[in-house]
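First up is the structure itself, then whatever we jot down about it.
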Amino acid sequence: MTQTAAIVGGGHTRWGDRQATWKDLAQEAGKAAFDDVPGVTPDDVEGLFVGAVQPERFAFQSHVAPLVAELLGVDVDSMIARTELACASGQAALRYAWLAIAAGQLDVALVIGVEKMNLPDDRTEEMQSSMTNVVDREFDGVNGLNAPSYFSLIAQRHMHEYGTTREQLAAVSEKNKTHAANNSYAQFQKAVDVDDVLESYPIAPPLNLLDCSGITDGAAALLLVSERKARELTDTAAYVTGSGQSCMASNSINNLPSLSAWPQATVAAEKAYEQAGIENPVDELDVAEIHDCFSISEIIEYEDLGWVEKGEGGRFIEEGRSALDGDIAVNPRGGLLGCGHPLGATGISQALEIYRQFTGDVPDARRVPDSPETGLIHNLSGSASVHSVMTLARDPQ
Amino acid sequence: MTDDTTPSRDTVAVPERIDFPRLLDFYNLQSEEETRIHEFYDRLREDSLSTTRCDECDALHFPPRIVCPECTGDDLSYTSLPHEGTLFAFSVVRGSAPIGMTDDVPFVMGIVDLEGVDVRLSARIDGAAYDDLSIGDRVTLKIVDIDGPRDEDRVFYRFEPVRSVSE
Ligand SMILES: [Zn+2]
């Protein structure tokens, strides 16, 4: 890479069941981002990257990137794109922007993720259909394989193969939802404990309601700029140090490498670690925002991001190693479990959280101790067939 | 300042109900007019679960293909798959069913390892409640006819537990 890119600020809408349209949410997040970075105005933006998964189904609108350009007054003269990679669409947008900056095509990008998932008249089954469409519809979706049911199969296999317990799953929810209780934009701002999780409604056994993320309206936006521009603007930024993705020619059930292991996460992480010069992630990473769409996901990610031996993910949470003061502070934002998961916005929100942890601009109750300097974001998408990992640093070498 | 004229006013009707596209029922269209893997469905209609095998590199695919993902060859032949297998994983769909399945809840779905062949597929599991099942249970193929608005005989596969002989 000839140059890297850095997050110099961003903004967030309140997440939840919002009385607002897709366009309202985009405007709220965009304004919040420009308000956060006084040195950058819409006139300075050369590239616009919009993460959005199903505006066609949730908001009956496509070609959404120019819609955002108009709403926020962004006069794009270099690159404009919407990214769709299911639950990783936000990180995909960030990755495109980083590559465009690294390639020298532009210096200032607005990266925004927007999703409006709660439909009028409580049309839950329409929303669930849209979620079911992210797996192979003809051979998997048709069998009722959507997010809760699919991840319940994963949880069942991980418990069967490695002895992972319901209590260990619940401990992930307790940790992340407790962080979210101190996050003013989170959908679920209520702390829960392990017993609450175990006693909640069985959505798809072995997963209960509180093992699951939400159906969320929300947006988040970032300003990503070239390293040169970042040095002009600020002393504290989140520099992109590495980025990796993996999809192993597989998407449907028969062709995935495993249900209980995600070697794609390992490949993506190793790529990012190598670019970032990270040799021992547990020692070198201070904070991580990883994709806890369901409690089981975070446990598998501890393992397959290379932080603990395969099968030991349950112990990683149990021993407090992912707590705020643990080896790696995992999901201090509150995760998808606590913040909700407006699909295209999640990766953007995760990256913004890493930036805010670097600047220290987070409430004490969920601030990572000892001034974190290195961070990671991770997203899986669809049937966990794709994994995306990005590393960030406050002071890149 | 006040308006000095009242704007004209009219009522515009929109349909009471707008039908979703037919494909939203989740079962693909299966005829030769609609899909190049219609032979999979034709054979299923004749009670046989099958898939494609590559004539060039011998790779066995599932789902069936028109191009071999191993060698990009397109000389593929249909071959029968076993109708029995074991339950690799299973769960139950309660509140999160998509359009067309909300009347079915709760229903069991799972992943079946077909016997003696390297194919593992997702499927609805009929004839058993979640609490009655265990990983490794033997299951057998079941065909369902799809009764819907489309003027086409559609079918799909499910599995059900193997019953004991004495039953
Ligand atoms: Zn072949």
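Letters A, B, ... mark the chains of the structure tokens in the order given; residue numbers begin at 1 per chain; ligand numbers begin at 1, in order shown.
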Next item on the list: Using only C-alpha atoms, select each residue of chain A with any atom at most 10 Å away from an atom of chain B, and give the selection as a ChimeraX atom specification.
Entry: /A:123-133,136-157,160,202-207,249,252-256,259
Checklist line | Nearby polymer residues, ligand 1, at most 8 Å, only C-alpha atoms and all ligand atoms, as an MDAnalysis selection string | finding: chainID B and resid 53:59 67:74 76
Margin query: I'd like to know which of A:Pro332, A:Pro372, A:Pro342, A:Gly9 is closest to Ala88 (chain A), using only C-alpha atoms.
Written below: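 Of the candidates, the smallest distance to Ala88 (chain A) is held by A:Pro342.
Rounded to one decimal, CA of Arg333 (chain A) and CA of Lys23 (chain A) lie 24.7 Å from each other.
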Next item on the list: Would you kindly return, as a PyMOL selection string, each protein, DNA or RNA residue with an atom no farther than 7 Å from any atom of Val368 (chain A), considering only C-alpha atoms and excluding same-chain residues fewer than 6 positions away?
Entry: chain A and resi 324-325+329+357
Check: Could you name the residues that touch Pro82 (chain B) at 10 Å or less, counting only C-alpha atoms, but leaving out those on the same chain fewer than 2 positions away, as a PyMOL selection string?
Finding: chain B and resi 48-50+80+84-85+114-117+119+140-141
How would the residues just picked look written out with N, CA, C and O atoms as a short mmCIF file (atom, residue, chain, number, x, y, z; two decimals), in the first residue's frame?
```cif
data_model
loop_
_atom_site.label_atom_id
_atom_site.label_comp_id
_atom_site.auth_asym_id
_atom_site.auth_seq_id
_atom_site.Cartn_x
_atom_site.Cartn_y
_atom_site.Cartn_z
N SER B 48 -37.63 -39.62 -6.94
CA SER B 48 -36.20 -39.86 -6.82
C SER B 48 -35.45 -38.57 -6.51
O SER B 48 -35.58 -37.57 -7.21
N LEU B 49 -34.65 -38.61 -5.43
CA LEU B 49 -33.77 -37.48 -5.11
C LEU B 49 -32.48 -37.67 -5.91
O LEU B 49 -31.90 -38.76 -5.91
N SER B 50 -32.07 -36.64 -6.60
CA SER B 50 -30.90 -36.78 -7.48
C SER B 50 -30.08 -35.50 -7.44
O SER B 50 -30.47 -34.51 -6.82
N SER B 80 -28.69 -40.56 -9.07
CA SER B 80 -29.57 -40.70 -7.90
C SER B 80 -28.78 -40.54 -6.61
O SER B 80 -27.62 -40.93 -6.52
N GLU B 84 -31.88 -42.23 2.36
CA GLU B 84 -31.77 -42.29 3.81
C GLU B 84 -30.52 -41.58 4.29
O GLU B 84 -29.55 -41.43 3.54
N GLY B 85 -30.59 -41.17 5.53
CA GLY B 85 -29.43 -40.47 6.09
C GLY B 85 -29.60 -40.32 7.58
O GLY B 85 -30.51 -40.89 8.19
N LEU B 114 -26.57 -37.51 4.03
CA LEU B 114 -27.05 -38.65 3.26
C LEU B 114 -26.08 -39.83 3.40
O LEU B 114 -24.87 -39.65 3.48
N GLU B 115 -26.67 -41.01 3.40
CA GLU B 115 -25.90 -42.21 3.70
C GLU B 115 -24.96 -42.59 2.55
O GLU B 115 -25.39 -42.70 1.40
N GLY B 116 -23.70 -42.76 2.86
CA GLY B 116 -22.75 -43.32 1.90
C GLY B 116 -22.33 -42.38 0.79
O GLY B 116 -21.75 -42.81 -0.22
N VAL B 117 -22.63 -41.11 0.92
CA VAL B 117 -22.26 -40.16 -0.12
C VAL B 117 -21.96 -38.84 0.58
O VAL B 117 -22.48 -38.56 1.65
N VAL B 119 -22.83 -35.81 0.76
CA VAL B 119 -23.83 -34.76 0.58
C VAL B 119 -24.55 -34.52 1.90
O VAL B 119 -25.00 -35.46 2.55
N THR B 140 -35.55 -40.60 6.65
CA THR B 140 -35.77 -41.05 5.28
C THR B 140 -36.53 -40.00 4.48
O THR B 140 -37.24 -39.17 5.04
N LEU B 141 -36.34 -40.05 3.18
CA LEU B 141 -36.91 -39.04 2.28
C LEU B 141 -38.44 -39.07 2.27
O LEU B 141 -39.05 -40.13 2.36
#
```
